[in-house]
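These notes concern the structure reproduced below.
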Amino acid sequence: KGSVTNDIFIRNQKEEPHCARMNQSSDPNSGGDNAVSDGSVSAADISCRWDKALIKRDPQFLIIQTTRDTISHSLNLVQRLEALLLQGNSSDVFLRVETPNAEEVKVIQAHSLVLSLQSPAFEEMLLSRNSSTLVLKESSDCAAVFDKFIRYLYCGEINLRLEQATPLHKLATKFRVLGLQQGMTQYMTQNLARDSPSGHVVGWYEYALQVGDATLRDSCLQYLSWNLSSVLQSGEWVTISSHLLMSLLQRSDLVLQSEMELFAGLEAWIIQNEPDGLTVENALRAVRYAMMPPRELFRLQTQSPILARYQESVRDLLYMSYQFHSASPLHMAKYFDVNCSLFMPRNYLSPMWGSSWVINNPTRDDRSTSFQTQLGPSGHDASKRVTWNALFSPRWLPLNMRSMYTETGAMQPTRVDGGRPRIIVTPATSSADFAGVNFQKTVLVMAQQQGKVVVRHIYNFHQSTEENGDFLAEADLYRRTSEYLTDGSLSLHIVVKPLYQTLITTKN
């Protein structure tokens, strides 16, 4: 709604259909798109049809929805309720909204019947009141949007800016307006990638944690994890709490260039926030040093001021990392537990771990590509390469019915009605070096949201996405505007992660 790009329009689901209220000043004979910024629509939009319903406007500006057996004036009812609020006619309660220090006072004329119908909290307050004025103590940010909140109770719709999301969610939660609360959560989860001057995802996460909104909390944490490389470069990174920092450091699904990039971000956070020693030690011990090449480990030990100060706290981890790089993983696995997080890769975007793959016209036919990765992060395997073949099929067929792989490009179409997209990633050759190693393939699906390329989904499997069964299950690849596509193309990034098997003999 409106011409301001930061505005969003939320409509109460009970107030559908989606046609906005009529612009009473529109010329019924004019053509073209005359929609105006207050949410009205032009005469050209009036004759819009939903299934069997036809909306017309009579000469006295009455909006009528007619079907074979139904006449609906619901849109006019919403208009009259809004006029009732604006004009204060027949109001029986005054809402006096005060900030804690009484620096700002706002008085709204309202109707107890409407408030009670929409909000159980208001109903309880109105039943116990002893005057016509209801005094409400609200924070400054909530007081600033209180009129928007009340208008929603009358009209079932609201327009807002990004910075107003949290106070409106607070009000919806406090007054138990479930529809608005759910709508705000949905709005916030859909606008995580939105640009804002100082960032907003971290603030929304902390707020969701405080009020117990698990959906919003998990969405924020997932966004930060899957787009950590860009988050590390933003000013929002140094504002995160120590609790959120540890939650991120313990995850294996972080998407970033390398473990070294994560350490640099951690070092910047420590310098900026100056936390207590225990917090620093716990954070440093969550870094996966074995995923850094020996030359980077040497550089850290000699140049990092944070590591120089806390080196004793991570000495054992550095020692195990050097051992990991000096011996074969198979030999290492006989003496150490290589299933711990120290030896488990995250989703690294550097070329040694995988390759990006942009598939134009993804519904057309099968495609294949080849790429190389390192055999593993161990210094022992640093010079060894593995060639991988990847096949994408928009309509999946069993392997025994497929054509042979080609080096790159398109394969002959294999069309099956009702088939699902699938991707298969296999090594071009087998090798004795694969002993004791399972290769996990991770496919990142990139998409454009709010003008920014972000990770839309992550799929993990060993050979084929048939193993998890939900690869692009919700994606409509035939629609060029699909949220899974970028300019009509499917943007993937394949990461190959070696997972080592422990070969320690258990003594009885």
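If you're wondering about the labels, chains in the structure tokens are A, B, ... by order shown, residues count from 1 in each chain, ligands from 1 in order shown.
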> Counting only C-alpha atoms, what is within 6 Å of region 167-170 of chain A, bar same-chain residues fewer than 6 positions away, as a VMD selection string?
Replying inline: chain A and resid 141 to 142 181 184
Based on the selection just made, write N, CA, C and O atoms of those residues as a PDB file, in the first residue's frame.
```pdb
ATOM      1  N   ASP A 141       7.921   3.641  21.948  1.00  0.00           N
ATOM      2  CA  ASP A 141       7.750   3.095  20.597  1.00  0.00           C
ATOM      3  C   ASP A 141       6.348   2.533  20.399  1.00  0.00           C
ATOM      4  O   ASP A 141       5.771   2.643  19.317  1.00  0.00           O
ATOM      5  N   CYS A 142       5.760   1.947  21.451  1.00  0.00           N
ATOM      6  CA  CYS A 142       4.398   1.429  21.337  1.00  0.00           C
ATOM      7  C   CYS A 142       3.379   2.565  21.285  1.00  0.00           C
ATOM      8  O   CYS A 142       2.393   2.500  20.540  1.00  0.00           O
ATOM      9  N   GLN A 181      -1.017 -10.484  15.766  1.00  0.00           N
ATOM     10  CA  GLN A 181       0.237 -11.074  16.246  1.00  0.00           C
ATOM     11  C   GLN A 181       0.810 -12.035  15.210  1.00  0.00           C
ATOM     12  O   GLN A 181       1.999 -11.991  14.885  1.00  0.00           O
ATOM     13  N   MET A 184       2.025 -10.047  12.146  1.00  0.00           N
ATOM     14  CA  MET A 184       3.303  -9.376  12.340  1.00  0.00           C
ATOM     15  C   MET A 184       4.459 -10.367  12.303  1.00  0.00           C
ATOM     16  O   MET A 184       5.530 -10.070  11.756  1.00  0.00           O
TER      17      MET A 184
END
```
> Could you name the residues that touch region 439-456 of chain A at 9 Å or less, counting only C-alpha atoms, but leaving out those on the same chain fewer than 6 positions away, as JSON, numbers by chain?
Replying inline: {"A": [190, 191, 192, 193, 194, 195, 223, 226, 227, 255, 347, 356, 423, 425, 462, 463, 464, 472, 483, 484, 485, 486, 487, 490, 491, 492, 493, 494, 495, 496, 497, 498, 499, 500]}
>> Would you compute the distance between CA of Leu244 (chain A) and CA of Ala264 (chain A)? Give it in Å to one decimal.
In response: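 Rounded to one decimal, the two atoms are 17.1 Å apart.
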Please identify all polymer residues within 12 Å of His325 (chain A), counting only C-alpha atoms, omitting same-chain residues fewer than 4 positions from it, and present them as a PDB file with N, CA, C and O atoms, in the first residue's frame.
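Result file follows (out11.pdb):
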```pdb
ATOM      1  N   TYR A 289      39.367 -25.116  14.312  1.00  0.00           N
ATOM      2  CA  TYR A 289      40.710 -24.802  13.822  1.00  0.00           C
ATOM      3  C   TYR A 289      41.217 -25.837  12.818  1.00  0.00           C
ATOM      4  O   TYR A 289      42.030 -25.501  11.950  1.00  0.00           O
ATOM      5  N   ALA A 290      40.762 -27.076  12.915  1.00  0.00           N
ATOM      6  CA  ALA A 290      41.221 -28.107  11.979  1.00  0.00           C
ATOM      7  C   ALA A 290      40.773 -27.823  10.552  1.00  0.00           C
ATOM      8  O   ALA A 290      41.341 -28.371   9.605  1.00  0.00           O
ATOM      9  N   MET A 291      39.787 -26.955  10.389  1.00  0.00           N
ATOM     10  CA  MET A 291      39.314 -26.604   9.052  1.00  0.00           C
ATOM     11  C   MET A 291      40.131 -25.469   8.429  1.00  0.00           C
ATOM     12  O   MET A 291      39.870 -25.050   7.303  1.00  0.00           O
ATOM     13  N   MET A 292      41.140 -24.979   9.148  1.00  0.00           N
ATOM     14  CA  MET A 292      42.039 -23.952   8.616  1.00  0.00           C
ATOM     15  C   MET A 292      43.334 -24.605   8.144  1.00  0.00           C
ATOM     16  O   MET A 292      43.867 -25.484   8.831  1.00  0.00           O
ATOM     17  N   PRO A 293      43.876 -24.200   7.009  1.00  0.00           N
ATOM     18  CA  PRO A 293      45.174 -24.724   6.564  1.00  0.00           C
ATOM     19  C   PRO A 293      46.271 -24.372   7.572  1.00  0.00           C
ATOM     20  O   PRO A 293      46.158 -23.375   8.300  1.00  0.00           O
ATOM     21  N   PRO A 294      47.330 -25.174   7.668  1.00  0.00           N
ATOM     22  CA  PRO A 294      48.413 -24.912   8.629  1.00  0.00           C
ATOM     23  C   PRO A 294      48.986 -23.503   8.532  1.00  0.00           C
ATOM     24  O   PRO A 294      49.303 -22.891   9.554  1.00  0.00           O
ATOM     25  N   ARG A 295      49.116 -22.967   7.315  1.00  0.00           N
ATOM     26  CA  ARG A 295      49.695 -21.632   7.173  1.00  0.00           C
ATOM     27  C   ARG A 295      48.817 -20.581   7.866  1.00  0.00           C
ATOM     28  O   ARG A 295      49.323 -19.591   8.411  1.00  0.00           O
ATOM     29  N   LEU A 297      46.871 -21.212  10.496  1.00  0.00           N
ATOM     30  CA  LEU A 297      47.044 -21.438  11.927  1.00  0.00           C
ATOM     31  C   LEU A 297      48.329 -20.776  12.433  1.00  0.00           C
ATOM     32  O   LEU A 297      48.336 -20.164  13.501  1.00  0.00           O
ATOM     33  N   LEU A 318      44.479 -26.508  19.106  1.00  0.00           N
ATOM     34  CA  LEU A 318      45.495 -26.219  18.106  1.00  0.00           C
ATOM     35  C   LEU A 318      46.419 -27.421  17.912  1.00  0.00           C
ATOM     36  O   LEU A 318      46.778 -27.765  16.770  1.00  0.00           O
ATOM     37  N   TYR A 319      46.766 -28.083  18.989  1.00  0.00           N
ATOM     38  CA  TYR A 319      47.647 -29.257  18.915  1.00  0.00           C
ATOM     39  C   TYR A 319      46.988 -30.378  18.103  1.00  0.00           C
ATOM     40  O   TYR A 319      47.614 -30.973  17.218  1.00  0.00           O
ATOM     41  N   MET A 320      45.703 -30.633  18.363  1.00  0.00           N
ATOM     42  CA  MET A 320      44.985 -31.664  17.609  1.00  0.00           C
ATOM     43  C   MET A 320      44.826 -31.274  16.140  1.00  0.00           C
ATOM     44  O   MET A 320      44.868 -32.132  15.253  1.00  0.00           O
ATOM     45  N   SER A 321      44.681 -29.998  15.885  1.00  0.00           N
ATOM     46  CA  SER A 321      44.548 -29.536  14.503  1.00  0.00           C
ATOM     47  C   SER A 321      45.842 -29.760  13.725  1.00  0.00           C
ATOM     48  O   SER A 321      45.819 -30.205  12.569  1.00  0.00           O
ATOM     49  N   PRO A 329      43.900 -38.792   7.500  1.00  0.00           N
ATOM     50  CA  PRO A 329      42.692 -38.896   8.331  1.00  0.00           C
ATOM     51  C   PRO A 329      42.418 -40.332   8.780  1.00  0.00           C
ATOM     52  O   PRO A 329      41.932 -40.552   9.892  1.00  0.00           O
ATOM     53  N   LEU A 330      42.740 -41.299   7.926  1.00  0.00           N
ATOM     54  CA  LEU A 330      42.521 -42.704   8.278  1.00  0.00           C
ATOM     55  C   LEU A 330      43.386 -43.105   9.472  1.00  0.00           C
ATOM     56  O   LEU A 330      42.930 -43.790  10.395  1.00  0.00           O
ATOM     57  N   HIS A 331      44.641 -42.667   9.471  1.00  0.00           N
ATOM     58  CA  HIS A 331      45.541 -42.960  10.584  1.00  0.00           C
ATOM     59  C   HIS A 331      45.101 -42.203  11.841  1.00  0.00           C
ATOM     60  O   HIS A 331      45.140 -42.744  12.955  1.00  0.00           O
ATOM     61  N   MET A 332      44.694 -40.969  11.646  1.00  0.00           N
ATOM     62  CA  MET A 332      44.227 -40.138  12.766  1.00  0.00           C
ATOM     63  C   MET A 332      43.014 -40.773  13.435  1.00  0.00           C
ATOM     64  O   MET A 332      42.872 -40.750  14.661  1.00  0.00           O
ATOM     65  N   PHE A 343      36.449 -31.450  13.705  1.00  0.00           N
ATOM     66  CA  PHE A 343      36.774 -32.020  12.393  1.00  0.00           C
ATOM     67  C   PHE A 343      35.570 -32.032  11.448  1.00  0.00           C
ATOM     68  O   PHE A 343      35.608 -32.694  10.416  1.00  0.00           O
ATOM     69  N   GLY A 376      40.064 -33.495   1.040  1.00  0.00           N
ATOM     70  CA  GLY A 376      39.669 -33.189   2.411  1.00  0.00           C
ATOM     71  C   GLY A 376      40.468 -32.026   2.929  1.00  0.00           C
ATOM     72  O   GLY A 376      41.449 -31.586   2.311  1.00  0.00           O
ATOM     73  N   PRO A 377      40.083 -31.469   4.080  1.00  0.00           N
ATOM     74  CA  PRO A 377      40.765 -30.290   4.623  1.00  0.00           C
ATOM     75  C   PRO A 377      42.115 -30.603   5.253  1.00  0.00           C
ATOM     76  O   PRO A 377      42.876 -29.681   5.556  1.00  0.00           O
ATOM     77  N   SER A 378      42.425 -31.867   5.466  1.00  0.00           N
ATOM     78  CA  SER A 378      43.702 -32.233   6.080  1.00  0.00           C
ATOM     79  C   SER A 378      44.868 -31.819   5.196  1.00  0.00           C
ATOM     80  O   SER A 378      44.827 -31.951   3.968  1.00  0.00           O
ATOM     81  N   GLY A 379      45.930 -31.324   5.828  1.00  0.00           N
ATOM     82  CA  GLY A 379      47.128 -30.974   5.075  1.00  0.00           C
ATOM     83  C   GLY A 379      47.700 -32.169   4.343  1.00  0.00           C
ATOM     84  O   GLY A 379      48.347 -32.024   3.302  1.00  0.00           O
ATOM     85  N   HIS A 380      47.455 -33.372   4.862  1.00  0.00           N
ATOM     86  CA  HIS A 380      47.918 -34.602   4.216  1.00  0.00           C
ATOM     87  C   HIS A 380      47.274 -34.781   2.845  1.00  0.00           C
ATOM     88  O   HIS A 380      47.869 -35.368   1.931  1.00  0.00           O
ATOM     89  N   ASP A 381      46.046 -34.269   2.674  1.00  0.00           N
ATOM     90  CA  ASP A 381      45.301 -34.428   1.418  1.00  0.00           C
ATOM     91  C   ASP A 381      45.223 -33.125   0.618  1.00  0.00           C
ATOM     92  O   ASP A 381      44.424 -33.019  -0.313  1.00  0.00           O
ATOM     93  N   ALA A 382      46.025 -32.152   0.975  1.00  0.00           N
ATOM     94  CA  ALA A 382      45.894 -30.820   0.383  1.00  0.00           C
ATOM     95  C   ALA A 382      46.068 -30.818  -1.131  1.00  0.00           C
ATOM     96  O   ALA A 382      45.425 -30.031  -1.836  1.00  0.00           O
TER      97      ALA A 382
END
```
> Can you list, as a PyMOL selection string, every protein, DNA or RNA residue that comes within 7 Å of Arg346 (chain A) when you count only C-alpha atoms, leaving out same-chain residues fewer than 5 positions away?
Replying inline: chain A and resi 252-255
> Counting only C-alpha atoms, what is within 8 Å of Thr363 (chain A), bar same-chain residues fewer than 6 positions away, as number ranges by chain?
Replying inline: A: 394, 477-478
Export of prior selection with all heavy atoms as a PDB file, in the first residue's frame:
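Listing of result-v8.pdb after writing:
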```pdb
ATOM      1  N   PRO A 394      14.633 -31.760 -13.778  1.00  0.00           N
ATOM      2  CA  PRO A 394      13.392 -31.142 -13.308  1.00  0.00           C
ATOM      3  C   PRO A 394      12.283 -32.158 -13.093  1.00  0.00           C
ATOM      4  O   PRO A 394      11.338 -31.912 -12.357  1.00  0.00           O
ATOM      5  CB  PRO A 394      13.031 -30.157 -14.427  1.00  0.00           C
ATOM      6  CG  PRO A 394      13.680 -30.719 -15.645  1.00  0.00           C
ATOM      7  CD  PRO A 394      14.938 -31.394 -15.172  1.00  0.00           C
ATOM      8  N   LEU A 477       8.935 -24.068 -10.255  1.00  0.00           N
ATOM      9  CA  LEU A 477       9.984 -23.647 -11.192  1.00  0.00           C
ATOM     10  C   LEU A 477       9.412 -23.182 -12.527  1.00  0.00           C
ATOM     11  O   LEU A 477      10.132 -22.585 -13.333  1.00  0.00           O
ATOM     12  CB  LEU A 477      10.967 -24.797 -11.417  1.00  0.00           C
ATOM     13  CG  LEU A 477      11.685 -25.313 -10.157  1.00  0.00           C
ATOM     14  CD1 LEU A 477      12.667 -26.424 -10.533  1.00  0.00           C
ATOM     15  CD2 LEU A 477      12.407 -24.196  -9.428  1.00  0.00           C
ATOM     16  N   TYR A 478       8.138 -23.460 -12.773  1.00  0.00           N
ATOM     17  CA  TYR A 478       7.529 -23.040 -14.038  1.00  0.00           C
ATOM     18  C   TYR A 478       7.126 -21.565 -13.999  1.00  0.00           C
ATOM     19  O   TYR A 478       6.864 -20.969 -15.039  1.00  0.00           O
ATOM     20  CB  TYR A 478       6.296 -23.894 -14.333  1.00  0.00           C
ATOM     21  CG  TYR A 478       6.641 -25.318 -14.723  1.00  0.00           C
ATOM     22  CD1 TYR A 478       6.778 -26.299 -13.747  1.00  0.00           C
ATOM     23  CD2 TYR A 478       6.853 -25.671 -16.053  1.00  0.00           C
ATOM     24  CE1 TYR A 478       7.103 -27.603 -14.084  1.00  0.00           C
ATOM     25  CE2 TYR A 478       7.181 -26.968 -16.400  1.00  0.00           C
ATOM     26  CZ  TYR A 478       7.303 -27.935 -15.417  1.00  0.00           C
ATOM     27  OH  TYR A 478       7.643 -29.226 -15.764  1.00  0.00           O
TER      28      TYR A 478
END
```
> What does the distance from CA of Val105 (chain A) to CA of Ser132 (chain A) come to in Å, to one decimal?
Replying inline: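 Result for CA of Val105 (chain A) versus CA of Ser132 (chain A): 16.7 Å, one decimal.
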> If you run DSSP on the backbone, which residues of region 231-399 of chain A are alpha helix (DSSP H), as a ChimeraX atom specification?
Replying inline: /A:231-232,242-249,259-273,277-285,294-303,305-326,329-332
> Between CA of Leu228 (chain A) and CA of Ser196 (chain A), what is the spacing in Å?
Replying inline: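 For CA of Ser196 (chain A) relative to CA of Leu228 (chain A), the distance reads 16.8 Å.
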Do a neighbour search on Glu267 (chain A) at 12 Å with only C-alpha atoms, toss out local chain neighbours closer than 5 positions, and write the hits as a PDB file with N, CA, C and O atoms, in the first residue's frame.
```pdb
ATOM      1  N   LEU A 232      28.560 -10.965   8.725  1.00  0.00           N
ATOM      2  CA  LEU A 232      29.856 -10.631   9.308  1.00  0.00           C
ATOM      3  C   LEU A 232      30.390  -9.293   8.790  1.00  0.00           C
ATOM      4  O   LEU A 232      31.158  -8.613   9.479  1.00  0.00           O
ATOM      5  N   TRP A 237      26.693  -7.173  13.102  1.00  0.00           N
ATOM      6  CA  TRP A 237      27.397  -8.310  13.697  1.00  0.00           C
ATOM      7  C   TRP A 237      27.896  -8.016  15.111  1.00  0.00           C
ATOM      8  O   TRP A 237      27.718  -8.828  16.019  1.00  0.00           O
ATOM      9  N   VAL A 238      28.519  -6.878  15.315  1.00  0.00           N
ATOM     10  CA  VAL A 238      29.124  -6.593  16.625  1.00  0.00           C
ATOM     11  C   VAL A 238      28.079  -6.287  17.689  1.00  0.00           C
ATOM     12  O   VAL A 238      28.416  -6.146  18.863  1.00  0.00           O
ATOM     13  N   LEU A 245      25.776 -15.284  19.930  1.00  0.00           N
ATOM     14  CA  LEU A 245      27.091 -15.635  19.392  1.00  0.00           C
ATOM     15  C   LEU A 245      27.380 -17.123  19.577  1.00  0.00           C
ATOM     16  O   LEU A 245      27.775 -17.820  18.625  1.00  0.00           O
ATOM     17  N   MET A 260      38.342 -19.246   8.642  1.00  0.00           N
ATOM     18  CA  MET A 260      39.162 -18.079   8.935  1.00  0.00           C
ATOM     19  C   MET A 260      38.310 -16.803   8.947  1.00  0.00           C
ATOM     20  O   MET A 260      38.529 -15.901   9.766  1.00  0.00           O
ATOM     21  N   GLU A 261      37.339 -16.718   8.055  1.00  0.00           N
ATOM     22  CA  GLU A 261      36.437 -15.566   8.037  1.00  0.00           C
ATOM     23  C   GLU A 261      35.640 -15.495   9.341  1.00  0.00           C
ATOM     24  O   GLU A 261      35.420 -14.411   9.890  1.00  0.00           O
ATOM     25  N   LEU A 262      35.230 -16.652   9.844  1.00  0.00           N
ATOM     26  CA  LEU A 262      34.493 -16.685  11.105  1.00  0.00           C
ATOM     27  C   LEU A 262      35.371 -16.231  12.266  1.00  0.00           C
ATOM     28  O   LEU A 262      34.921 -15.463  13.126  1.00  0.00           O
ATOM     29  N   GLN A 272      35.301  -5.371  20.172  1.00  0.00           N
ATOM     30  CA  GLN A 272      34.259  -4.353  20.290  1.00  0.00           C
ATOM     31  C   GLN A 272      33.500  -4.454  21.613  1.00  0.00           C
ATOM     32  O   GLN A 272      33.179  -3.439  22.245  1.00  0.00           O
ATOM     33  N   ASN A 273      33.210  -5.654  22.075  1.00  0.00           N
ATOM     34  CA  ASN A 273      32.327  -5.830  23.231  1.00  0.00           C
ATOM     35  C   ASN A 273      33.060  -6.066  24.554  1.00  0.00           C
ATOM     36  O   ASN A 273      32.453  -5.930  25.611  1.00  0.00           O
ATOM     37  N   GLU A 274      34.322  -6.467  24.495  1.00  0.00           N
ATOM     38  CA  GLU A 274      35.126  -6.707  25.701  1.00  0.00           C
ATOM     39  C   GLU A 274      34.383  -7.567  26.738  1.00  0.00           C
ATOM     40  O   GLU A 274      34.147  -7.152  27.870  1.00  0.00           O
ATOM     41  N   PRO A 275      33.985  -8.790  26.350  1.00  0.00           N
ATOM     42  CA  PRO A 275      33.256  -9.647  27.292  1.00  0.00           C
ATOM     43  C   PRO A 275      34.187 -10.210  28.357  1.00  0.00           C
ATOM     44  O   PRO A 275      35.410 -10.034  28.299  1.00  0.00           O
ATOM     45  N   VAL A 280      34.916 -15.332  26.356  1.00  0.00           N
ATOM     46  CA  VAL A 280      35.922 -15.373  25.285  1.00  0.00           C
ATOM     47  C   VAL A 280      36.459 -16.795  25.105  1.00  0.00           C
ATOM     48  O   VAL A 280      36.584 -17.291  23.980  1.00  0.00           O
ATOM     49  N   GLU A 281      36.769 -17.466  26.205  1.00  0.00           N
ATOM     50  CA  GLU A 281      37.311 -18.821  26.115  1.00  0.00           C
ATOM     51  C   GLU A 281      36.309 -19.774  25.462  1.00  0.00           C
ATOM     52  O   GLU A 281      36.669 -20.578  24.590  1.00  0.00           O
ATOM     53  N   ALA A 283      33.899 -19.028  23.399  1.00  0.00           N
ATOM     54  CA  ALA A 283      33.754 -18.678  21.987  1.00  0.00           C
ATOM     55  C   ALA A 283      34.945 -19.170  21.172  1.00  0.00           C
ATOM     56  O   ALA A 283      34.784 -19.736  20.084  1.00  0.00           O
ATOM     57  N   LEU A 284      36.144 -18.967  21.678  1.00  0.00           N
ATOM     58  CA  LEU A 284      37.347 -19.415  20.960  1.00  0.00           C
ATOM     59  C   LEU A 284      37.389 -20.929  20.823  1.00  0.00           C
ATOM     60  O   LEU A 284      37.877 -21.461  19.813  1.00  0.00           O
ATOM     61  N   VAL A 287      35.539 -22.451  17.728  1.00  0.00           N
ATOM     62  CA  VAL A 287      36.121 -22.327  16.383  1.00  0.00           C
ATOM     63  C   VAL A 287      36.682 -23.681  15.956  1.00  0.00           C
ATOM     64  O   VAL A 287      37.277 -24.401  16.762  1.00  0.00           O
ATOM     65  N   LEU A 300      47.702 -17.053  12.679  1.00  0.00           N
ATOM     66  CA  LEU A 300      46.886 -16.701  13.838  1.00  0.00           C
ATOM     67  C   LEU A 300      47.710 -16.666  15.115  1.00  0.00           C
ATOM     68  O   LEU A 300      47.589 -15.747  15.934  1.00  0.00           O
ATOM     69  N   GLN A 303      49.988 -13.490  14.892  1.00  0.00           N
ATOM     70  CA  GLN A 303      49.476 -12.147  14.606  1.00  0.00           C
ATOM     71  C   GLN A 303      48.184 -11.793  15.330  1.00  0.00           C
ATOM     72  O   GLN A 303      47.829 -10.616  15.411  1.00  0.00           O
ATOM     73  N   SER A 304      47.452 -12.763  15.827  1.00  0.00           N
ATOM     74  CA  SER A 304      46.170 -12.454  16.464  1.00  0.00           C
ATOM     75  C   SER A 304      46.383 -12.028  17.915  1.00  0.00           C
ATOM     76  O   SER A 304      46.858 -12.820  18.747  1.00  0.00           O
ATOM     77  N   PRO A 305      45.991 -10.807  18.280  1.00  0.00           N
ATOM     78  CA  PRO A 305      46.153 -10.366  19.673  1.00  0.00           C
ATOM     79  C   PRO A 305      45.239 -11.144  20.622  1.00  0.00           C
ATOM     80  O   PRO A 305      45.596 -11.381  21.778  1.00  0.00           O
ATOM     81  N   ILE A 306      44.072 -11.532  20.159  1.00  0.00           N
ATOM     82  CA  ILE A 306      43.140 -12.283  21.007  1.00  0.00           C
ATOM     83  C   ILE A 306      43.678 -13.682  21.277  1.00  0.00           C
ATOM     84  O   ILE A 306      43.673 -14.160  22.427  1.00  0.00           O
ATOM     85  N   LEU A 307      44.183 -14.337  20.231  1.00  0.00           N
ATOM     86  CA  LEU A 307      44.709 -15.690  20.419  1.00  0.00           C
ATOM     87  C   LEU A 307      45.985 -15.667  21.255  1.00  0.00           C
ATOM     88  O   LEU A 307      46.247 -16.596  22.032  1.00  0.00           O
ATOM     89  N   ALA A 308      46.778 -14.619  21.111  1.00  0.00           N
ATOM     90  CA  ALA A 308      47.991 -14.503  21.924  1.00  0.00           C
ATOM     91  C   ALA A 308      47.644 -14.416  23.409  1.00  0.00           C
ATOM     92  O   ALA A 308      48.335 -14.974  24.267  1.00  0.00           O
ATOM     93  N   ARG A 309      46.540 -13.760  23.712  1.00  0.00           N
ATOM     94  CA  ARG A 309      46.132 -13.579  25.107  1.00  0.00           C
ATOM     95  C   ARG A 309      45.488 -14.844  25.682  1.00  0.00           C
ATOM     96  O   ARG A 309      45.646 -15.160  26.855  1.00  0.00           O
ATOM     97  N   TYR A 310      44.743 -15.584  24.832  1.00  0.00           N
ATOM     98  CA  TYR A 310      43.983 -16.731  25.327  1.00  0.00           C
ATOM     99  C   TYR A 310      44.479 -18.064  24.746  1.00  0.00           C
ATOM    100  O   TYR A 310      43.740 -19.042  24.715  1.00  0.00           O
TER     101      TYR A 310
END
```
> Taking into account only C-alpha atoms, which residue in the set A:Thr369, A:Gln79, A:Ser258, A:Asn130 is nearest to Pro345 (chain A)?
Replying inline: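 The shortest atom-to-atom distance to Pro345 (chain A) comes from A:Ser258.
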> Of the candidates A:Val314, A:Leu224, A:Ala475, A:Leu113, which one gets nearest to Leu342 (chain A) if we count only C-alpha atoms?
Replying inline: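 Checking each candidate against Leu342 (chain A), we get A:Val314 as the closest.
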>> Measuring between only C-alpha atoms, which one of A:Gln257, A:Gly265, A:Glu206, A:Thr279 shows the shortest distance to Ser242 (chain A)?
In response: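 Smallest distance to Ser242 (chain A) is found for A:Thr279.
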>> Between A:Thr387, A:Ser313, A:Ser140, A:Ser198, which residue has the minimum interatomic distance to Gln374 (chain A), considering only C-alpha atoms?
In response: A:Thr387
> Out of A:Met125, A:Leu153, A:Met188, A:Val97, which residue has the shortest atom-to-atom distance to Ala172 (chain A) when counting only C-alpha atoms?
Replying inline: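 Ranked by minimum distance to Ala172 (chain A), first place goes to A:Leu153.
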